[in-house]
$ cat query_12.txt   # compact mmCIF, C-alpha atoms
# COMPACT_ATOMS: atom_id res chain seq x y z
CA MET F 1320 0.00 0.00 0.00
CA LYS F 1321 0.97 3.66 -0.12
CA LEU F 1322 0.39 6.78 1.96
CA ILE F 1323 -0.22 10.40 1.07
CA VAL F 1324 0.04 13.44 3.35
CA ALA F 1325 1.20 17.06 3.53
CA VAL F 1326 3.78 17.94 6.22
CA ASP F 1327 5.42 21.09 7.53
CA GLU F 1328 9.16 21.46 8.11
CA LYS F 1329 8.87 19.53 11.41
CA TRP F 1330 6.77 16.74 9.82
CA GLY F 1331 3.64 18.07 11.48
CA ILE F 1332 0.39 17.22 9.70
CA GLY F 1333 -2.37 18.87 11.71
CA LYS F 1334 -3.46 21.13 14.54
CA ASN F 1335 -6.67 21.02 16.58
CA GLY F 1336 -8.03 18.28 14.33
CA ASP F 1337 -7.59 20.28 11.12
CA LEU F 1338 -5.05 20.62 8.34
CA LEU F 1339 -2.17 23.01 8.86
CA LEU F 1340 -2.72 24.69 5.51
CA SER F 1341 -4.86 24.27 2.42
CA ILE F 1342 -2.91 24.66 -0.81
CA PRO F 1343 -5.09 24.26 -3.95
CA ASP F 1344 -2.27 22.53 -5.84
CA ASP F 1345 -1.86 20.04 -2.99
CA MET F 1346 -5.60 19.37 -2.88
CA MET F 1347 -5.52 18.66 -6.62
CA TYR F 1348 -2.49 16.40 -6.18
CA TYR F 1349 -4.32 14.45 -3.47
CA ARG F 1350 -7.47 14.06 -5.57
CA THR F 1351 -5.54 13.02 -8.70
CA THR F 1352 -3.29 10.56 -6.87
CA THR F 1353 -6.08 8.80 -4.93
CA ARG F 1354 -8.81 8.97 -7.57
CA GLY F 1355 -10.07 5.50 -8.41
CA LYS F 1356 -8.23 3.92 -5.48
CA VAL F 1357 -9.03 2.35 -2.12
CA VAL F 1358 -8.55 4.94 0.63
CA VAL F 1359 -7.94 3.84 4.22
CA MET F 1360 -8.66 6.20 7.10
CA GLY F 1361 -9.50 6.48 10.78
CA TYR F 1362 -13.00 7.43 11.92
CA THR F 1363 -11.94 10.94 12.96
CA THR F 1364 -10.54 11.54 9.47
CA LEU F 1365 -13.85 10.43 7.95
CA LEU F 1366 -15.70 12.92 10.14
CA SER F 1367 -13.39 15.69 8.90
CA LEU F 1368 -14.37 15.09 5.26
CA PRO F 1369 -17.05 17.30 3.64
CA LYS F 1370 -20.40 16.49 5.29
CA SER F 1371 -18.56 13.66 7.12
CA LYS F 1372 -19.25 11.41 4.13
CA PRO F 1373 -16.92 8.97 2.33
CA ALA F 1374 -14.69 10.43 -0.36
CA PRO F 1375 -16.47 10.08 -3.75
CA GLY F 1376 -15.11 7.93 -6.57
CA ARG F 1377 -13.14 5.74 -4.16
CA LEU F 1378 -13.73 2.70 -1.99
CA ASN F 1379 -13.46 3.98 1.60
CA LEU F 1380 -12.19 1.65 4.35
CA VAL F 1381 -12.66 3.14 7.82
CA LEU F 1382 -11.07 1.86 11.03
CA ALA F 1383 -13.52 2.37 13.90
CA ASP F 1384 -13.82 0.33 17.09
CA ILE F 1385 -17.52 1.14 17.47
CA GLU F 1386 -19.73 -1.93 17.72
CA GLY F 1387 -22.37 -2.17 15.02
CA LEU F 1388 -21.21 1.00 13.24
CA ARG F 1389 -22.42 1.32 9.65
CA ILE F 1390 -21.38 4.18 7.38
CA PRO F 1391 -23.40 4.46 4.16
CA GLY F 1392 -21.05 4.11 1.20
CA ALA F 1393 -18.11 2.80 3.25
CA VAL F 1394 -16.65 -0.37 4.75
CA VAL F 1395 -15.94 -0.36 8.49
CA CYS F 1396 -13.19 -2.47 10.05
CA GLY F 1397 -13.36 -2.94 13.81
CA SER F 1398 -9.69 -3.65 14.45
CA MET F 1399 -6.29 -3.08 12.88
CA GLU F 1400 -5.95 -6.84 12.40
CA GLN F 1401 -9.19 -6.96 10.42
CA LEU F 1402 -8.23 -3.88 8.43
CA LEU F 1403 -4.84 -5.29 7.43
CA ARG F 1404 -6.48 -8.53 6.39
CA LEU F 1405 -8.96 -6.66 4.20
CA ILE F 1406 -6.24 -4.47 2.68
CA GLY F 1407 -4.55 -7.72 1.67
CA CYS F 1408 -7.55 -8.42 -0.58
CA PHE F 1409 -6.45 -5.64 -2.96
CA ARG F 1410 -3.46 -5.02 -5.18
CA PRO F 1411 -0.87 -3.01 -3.21
CA ASP F 1412 -0.78 -0.13 -5.70
CA ASP F 1413 -4.55 0.35 -5.34
CA VAL F 1414 -4.54 1.21 -1.62
CA PHE F 1415 -3.71 4.58 -0.01
CA ASP F 1416 -3.47 5.42 3.68
CA VAL F 1417 -4.94 8.93 4.02
CA GLY F 1418 -4.73 9.41 7.78
CA GLY F 1419 -4.97 10.63 10.39
CA GLY F 1420 -1.87 10.64 12.54
CA SER F 1421 -2.44 7.31 14.28
CA MET F 1422 -3.24 5.58 10.98
CA TYR F 1423 -0.08 6.95 9.37
CA ARG F 1424 2.08 5.74 12.24
CA GLN F 1425 0.50 2.28 12.39
CA LEU F 1426 0.39 1.63 8.65
CA MET F 1427 3.67 3.26 7.59
CA PRO F 1428 5.70 0.03 7.98
CA TYR F 1429 3.36 -1.66 5.45
CA CYS F 1430 3.70 1.13 2.87
CA SER F 1431 6.00 0.77 -0.13
CA ASP F 1432 5.68 4.43 -1.16
CA ALA F 1433 4.86 7.73 0.49
CA HIS F 1434 3.59 10.77 -1.41
CA ILE F 1435 4.64 13.71 0.75
CA THR F 1436 3.83 17.36 0.11
CA LYS F 1437 6.68 19.15 1.89
CA MET F 1438 5.69 22.64 3.03
CA ARG F 1439 8.53 24.96 4.05
CA PHE F 1440 7.00 26.51 7.16
CA ASP F 1441 6.29 25.74 10.82
CA GLY F 1442 2.58 25.15 11.27
CA GLU F 1443 2.87 24.77 15.08
CA ALA F 1444 1.34 21.34 14.68
CA ASP F 1445 0.11 19.08 17.47
CA THR F 1446 0.02 15.95 15.31
CA PHE F 1447 3.11 14.52 13.63
CA ILE F 1448 4.31 11.56 11.59
CA PRO F 1449 7.84 10.08 11.59
CA ASN F 1450 10.41 12.02 9.59
CA LEU F 1451 11.12 9.76 6.62
CA ASP F 1452 14.45 11.49 6.03
CA GLU F 1453 15.62 9.99 9.33
CA LEU F 1454 14.39 6.42 8.75
CA PRO F 1455 17.05 4.14 7.21
CA ASP F 1456 14.70 2.12 4.98
CA TRP F 1457 13.13 5.19 3.37
CA SER F 1458 14.72 7.21 0.56
CA VAL F 1459 13.63 9.91 -1.90
CA ASP F 1460 12.58 8.51 -5.26
CA SER F 1461 11.54 11.78 -6.92
CA GLU F 1462 10.86 15.41 -6.11
CA SER F 1463 9.05 18.13 -8.03
CA GLU F 1464 10.29 21.64 -8.50
CA VAL F 1465 9.68 23.96 -5.55
CA LYS F 1466 6.44 25.93 -5.90
CA GLU F 1467 4.89 28.73 -3.86
CA HIS F 1468 1.41 29.63 -2.58
CA ASP F 1469 0.71 32.71 -0.46
CA GLY F 1470 4.37 32.90 0.48
CA ILE F 1471 4.62 29.22 1.45
CA ARG F 1472 7.10 27.19 -0.58
CA TYR F 1473 6.36 23.51 -1.14
CA SER F 1474 7.23 20.51 -3.31
CA PHE F 1475 5.88 17.04 -3.98
CA VAL F 1476 8.25 14.29 -2.86
CA VAL F 1477 7.84 10.54 -3.38
CA TYR F 1478 9.67 8.28 -0.93
CA GLN F 1479 10.23 4.54 -1.27
CA ASN F 1480 10.48 1.97 1.49
CA ALA F 1481 13.22 -0.60 0.84
CA SER F 1482 11.65 -3.24 3.09
CA PRO F 1483 7.91 -2.82 3.69
CA THR F 1484 6.30 -5.25 6.10
CA PRO F 1485 4.27 -7.82 4.11
CA LEU F 1486 0.50 -7.60 4.36
CA PRO F 1487 -1.69 -10.67 4.89
CA GLU F 1488 -2.35 -12.27 1.50
CA TYR F 1489 -5.86 -13.11 0.34
CA GLU F 1490 -6.14 -15.69 -2.41
CA GLN F 1491 -8.36 -13.71 -4.78
CA LYS F 1492 -7.41 -10.06 -5.35
CA SER F 1493 -10.20 -7.54 -5.85
CA SER F 1494 -10.24 -4.51 -8.10
CA ALA F 1495 -10.27 -1.12 -6.38
CA MET F 1496 -14.02 -0.92 -7.20
CA ALA F 1497 -13.95 2.84 -7.76
CA PHE F 1498 -16.28 2.45 -10.77
CA TYR F 1499 -19.19 1.57 -8.49
CA PHE F 1500 -18.82 4.78 -6.46
CA ARG F 1501 -18.79 7.28 -9.31
CA LYS F 1502 -21.83 9.30 -10.30
CA LYS F 1503 -24.09 7.15 -12.46
CA GLU F 1504 -25.79 8.26 -15.64
CA PRO F 1505 -29.47 7.28 -16.06
CA LEU F 1506 -30.10 3.77 -17.39
CA GLU F 1507 -32.40 3.00 -20.31
CA LEU F 1508 -33.91 -0.41 -19.62
CA GLU F 1509 -36.72 -2.59 -20.86
CA LEU F 1510 -38.65 -3.36 -17.68
CA GLU F 1511 -41.62 -5.52 -16.88
CA LEU F 1512 -43.58 -3.05 -14.78
CA PRO F 1513 -45.37 -3.98 -11.52
CA GLU F 1514 -48.76 -4.68 -13.09
CA ASP F 1515 -47.15 -7.48 -15.06
CA ALA F 1516 -44.58 -8.57 -12.47
CA ASP F 1517 -44.76 -10.35 -9.13
CA ASP F 1518 -43.47 -8.91 -5.88
CA GLU F 1519 -40.31 -11.03 -5.90
CA TYR F 1520 -39.32 -9.77 -9.35
CA CYS F 1521 -39.74 -6.17 -8.24
CA LYS F 1522 -37.91 -6.80 -4.97
CA GLN F 1523 -34.88 -8.32 -6.68
CA LEU F 1524 -34.74 -5.68 -9.39
CA ASN F 1525 -35.08 -2.90 -6.83
CA ALA F 1526 -32.19 -4.40 -4.84
CA LEU F 1527 -29.99 -4.40 -7.96
CA LEU F 1528 -30.88 -0.82 -8.89
CA THR F 1529 -30.26 0.30 -5.31
CA ALA F 1530 -26.85 -1.41 -5.38
CA TYR F 1531 -26.09 0.25 -8.72
CA PHE F 1532 -27.11 3.81 -7.89
CA CYS F 1533 -26.34 3.71 -4.12
CA PRO F 1534 -23.43 1.29 -3.59
CA LEU F 1535 -23.08 0.13 0.02
CA LYS F 1536 -26.22 2.12 0.79
CA ASP F 1537 -26.56 0.57 4.24
CA GLY F 1538 -22.84 0.49 4.85
CA PHE F 1539 -20.70 -2.58 5.47
CA SER F 1540 -19.94 -3.23 9.12
CA ALA F 1541 -17.05 -5.00 10.81
CA ALA F 1542 -19.37 -7.97 11.36
CA ASP F 1543 -20.09 -8.00 7.61
CA VAL F 1544 -16.35 -8.00 6.88
CA GLU F 1545 -15.88 -10.96 9.20
CA ARG F 1546 -18.76 -12.75 7.47
CA PHE F 1547 -16.99 -12.21 4.13
CA PHE F 1548 -13.87 -13.93 5.43
CA GLU F 1549 -15.92 -16.78 6.90
CA GLU F 1550 -18.38 -17.32 4.06
CA GLY F 1551 -16.79 -15.75 0.98
CA GLY F 1552 -15.60 -19.08 -0.32
CA GLY F 1553 -12.50 -17.62 -1.94
CA LEU F 1554 -14.41 -14.96 -3.88
CA SER F 1555 -12.79 -11.58 -4.38
CA PHE F 1556 -14.22 -8.84 -2.18
CA GLU F 1557 -15.74 -7.22 -5.27
CA GLN F 1558 -17.49 -10.40 -6.40
CA TYR F 1559 -18.76 -11.08 -2.89
CA LEU F 1560 -20.30 -7.59 -2.68
CA ARG F 1561 -21.88 -8.06 -6.10
CA ASP F 1562 -23.30 -11.45 -5.14
CA ILE F 1563 -25.04 -10.03 -2.05
CA HIS F 1564 -26.22 -6.96 -4.02
CA ALA F 1565 -24.26 -4.48 -1.93
CA ILE F 1566 -22.86 -3.09 -5.19
CA ALA F 1567 -23.89 -3.71 -8.79
CA ALA F 1568 -22.64 -3.12 -12.31
CA ARG F 1569 -24.88 -2.48 -15.32
CA GLU F 1570 -24.22 -6.02 -16.54
CA ASP F 1571 -25.67 -7.39 -13.29
CA ILE F 1572 -28.97 -5.64 -14.04
CA GLU F 1573 -28.95 -6.72 -17.68
CA ALA F 1574 -28.20 -10.32 -16.68
CA PHE F 1575 -31.16 -10.28 -14.29
CA LEU F 1576 -33.50 -9.00 -17.01
CA ASP F 1577 -32.23 -11.68 -19.41
CA GLU F 1578 -32.90 -14.35 -16.79
CA HIS F 1579 -36.44 -13.10 -16.21
CA PRO F 1580 -38.02 -12.53 -19.62
CA ALA F 1581 -41.39 -10.82 -19.50
CA ASP F 1582 -44.51 -12.83 -20.29
CA GLY F 1583 -46.55 -9.75 -21.04
CA LYS F 1584 -46.01 -6.08 -21.69
CA ILE F 1585 -42.58 -4.46 -21.67
CA ARG F 1586 -41.91 -0.77 -21.47
CA ARG F 1587 -38.65 0.98 -22.17
CA VAL F 1588 -37.99 3.36 -19.30
CA THR F 1589 -35.23 5.67 -18.16
CA VAL F 1590 -34.13 4.95 -14.62
CA ASP F 1591 -32.03 7.33 -12.53
CA LYS F 1592 -31.00 7.58 -8.88
CA GLU F 1593 -33.98 9.69 -7.89
CA SER F 1594 -36.73 7.80 -9.69
CA PHE F 1595 -35.90 4.10 -9.80
CA SER F 1596 -37.91 3.10 -6.71
CA SER F 1597 -41.08 4.62 -8.12
CA VAL F 1598 -40.53 3.15 -11.58
CA ILE F 1599 -40.68 -0.42 -10.33
$ encode --input "query_12.txt" --output "structure tokens"
Amino acid sequence: MKLIVAVDEKWGIGKNGDLLLSIPDDMMYYRTTTRGKVVVMGYTTLLSLPKSKPAPGRLNLVLADIEGLRIPGAVVCGSMEQLLRLIGCFRPDDVFDVGGGSMYRQLMPYCSDAHITKMRFDGEADTFIPNLDELPDWSVDSESEVKEHDGIRYSFVVYQNASPTPLPEYEQKSSAMAFYFRKKEPLELELELPEDADDEYCKQLNALLTAYFCPLKDGFSAADVERFFEEGGGLSFEQYLRDIHAIAAREDIEAFLDEHPADGKIRRVTVDKESFSSVI
């Protein structure tokens, strides 16, 4: 896995639960680097995101030792052991540790790369991460030119870890699944409407459309993660979530319609996130 963070000249990352500084170029770098990836964070970091909701266009894994916690659109892990095991279900280059301080310190040994925005100022931070320049296994792989914003000089530095601690290996690697969490365009489908369909047909189709437009709508708890490991039968995490209709791709909906041909009338309808429940 990898990590990404902005630090001041003392390797401080935050103060009073907030960032030390917001640099537009750094925000863009963060979004571009993590877009389409799995992002791993602590619960406090999740609460600091806009509207305290999971980052869009990414699969969000949240470490939170809160029994029964469900976060719509995210996967909760109840312990570091469970989190590491789940991270092992993905390709290493697809996973980014995005904080906060405790998460950086605990997961740093497992990271092969660190994307560090180095800001040349003292932010009087109260939260720090280890100085990679002082750790023997870490070295600079690349560094951008020095830039400036509102008098603060900064650069983007990529460090590499010569001997990352191996993560637990899961037999079937999953994709990063970012596709499922992007904004969905309306679907044009040929549906057998309720007057010609039984309740079970509508229930199953509604579940698929919910999973398509609102992936992980009810969240995925630590107990659900444990159930995946116990009952997944070697499936990838992605395939397991598709099988239980927690997420869905367009082909899942089309396959369902092919398996349930209409005996009577069919209407071609446009289905979007706001209207699908009323359509069927």
$ closest_residue --input "query_12.txt" --among "F:Leu1388, F:Ile1448, F:Val1465, F:Cys1533" --to "Gly1420 (chain F)" --atoms "all atoms listed in the file"
F:Ile1448
$ closest_residue --input "query_12.txt" --among "F:Lys1492, F:Cys1430, F:Pro1369, F:Cys1521" --to "Asn1480 (chain F)" --atoms "all atoms listed in the file"
F:Cys1430
$ residues_around --input "query_12.txt" --residues "region 1553-1561 of chain F" --least-positions-apart "3" --cutoff "9 Å" --atoms "only C-alpha atoms" --output "list in words"
Leu1405, Cys1408, Phe1409, Tyr1489, Glu1490, Gln1491, Lys1492, Ser1493, Ser1494, Ala1495, Met1496, Ala1530, Leu1535, Phe1547, Phe1548, Glu1550, His1564, Ala1565, Ile1566, Ala1567, Ala1568 and Asp1571 of chain F
$ atom_distance --input "query_12.txt" --atom1 "CA of Ala1383 (chain F)" --atom2 "CA of Arg1404 (chain F)"
15.0 Å
$ atom_distance --input "query_12.txt" --atom1 "CA of Gly1376 (chain F)" --atom2 "CA of Asp1460 (chain F)"
27.7 Å
$ closest_residue --input "query_12.txt" --among "F:Ile1406, F:Leu1426, F:Leu1508, F:Leu1528" --to "Pro1483 (chain F)" --atoms "all atoms listed in the file"
F:Leu1426
$ atom_distance --input "query_12.txt" --atom1 "CA of Ala1481 (chain F)" --atom2 "CA of Trp1457 (chain F)"
6.3 Å
$ closest_residue --input "query_12.txt" --among "F:Gly1470, F:Pro1487, F:Gly1442, F:Gly1387" --to "Glu1400 (chain F)" --atoms "all atoms listed in the file"
F:Pro1487
$ residues_around --input "query_12.txt" --residues "Lys1372 (chain F)" --least-positions-apart "6" --cutoff "9 Å" --atoms "all atoms listed in the file" --output "NGL selection string"
:F and (1365-1366 or 1390-1393)
$ residues_around --input "query_12.txt" --residues "Gly1418 (chain F)" --least-positions-apart "2" --cutoff "7 Å" --atoms "only C-alpha atoms" --output "NGL selection string"
:F and (1360-1361 or 1364 or 1416 or 1420 or 1422-1423)
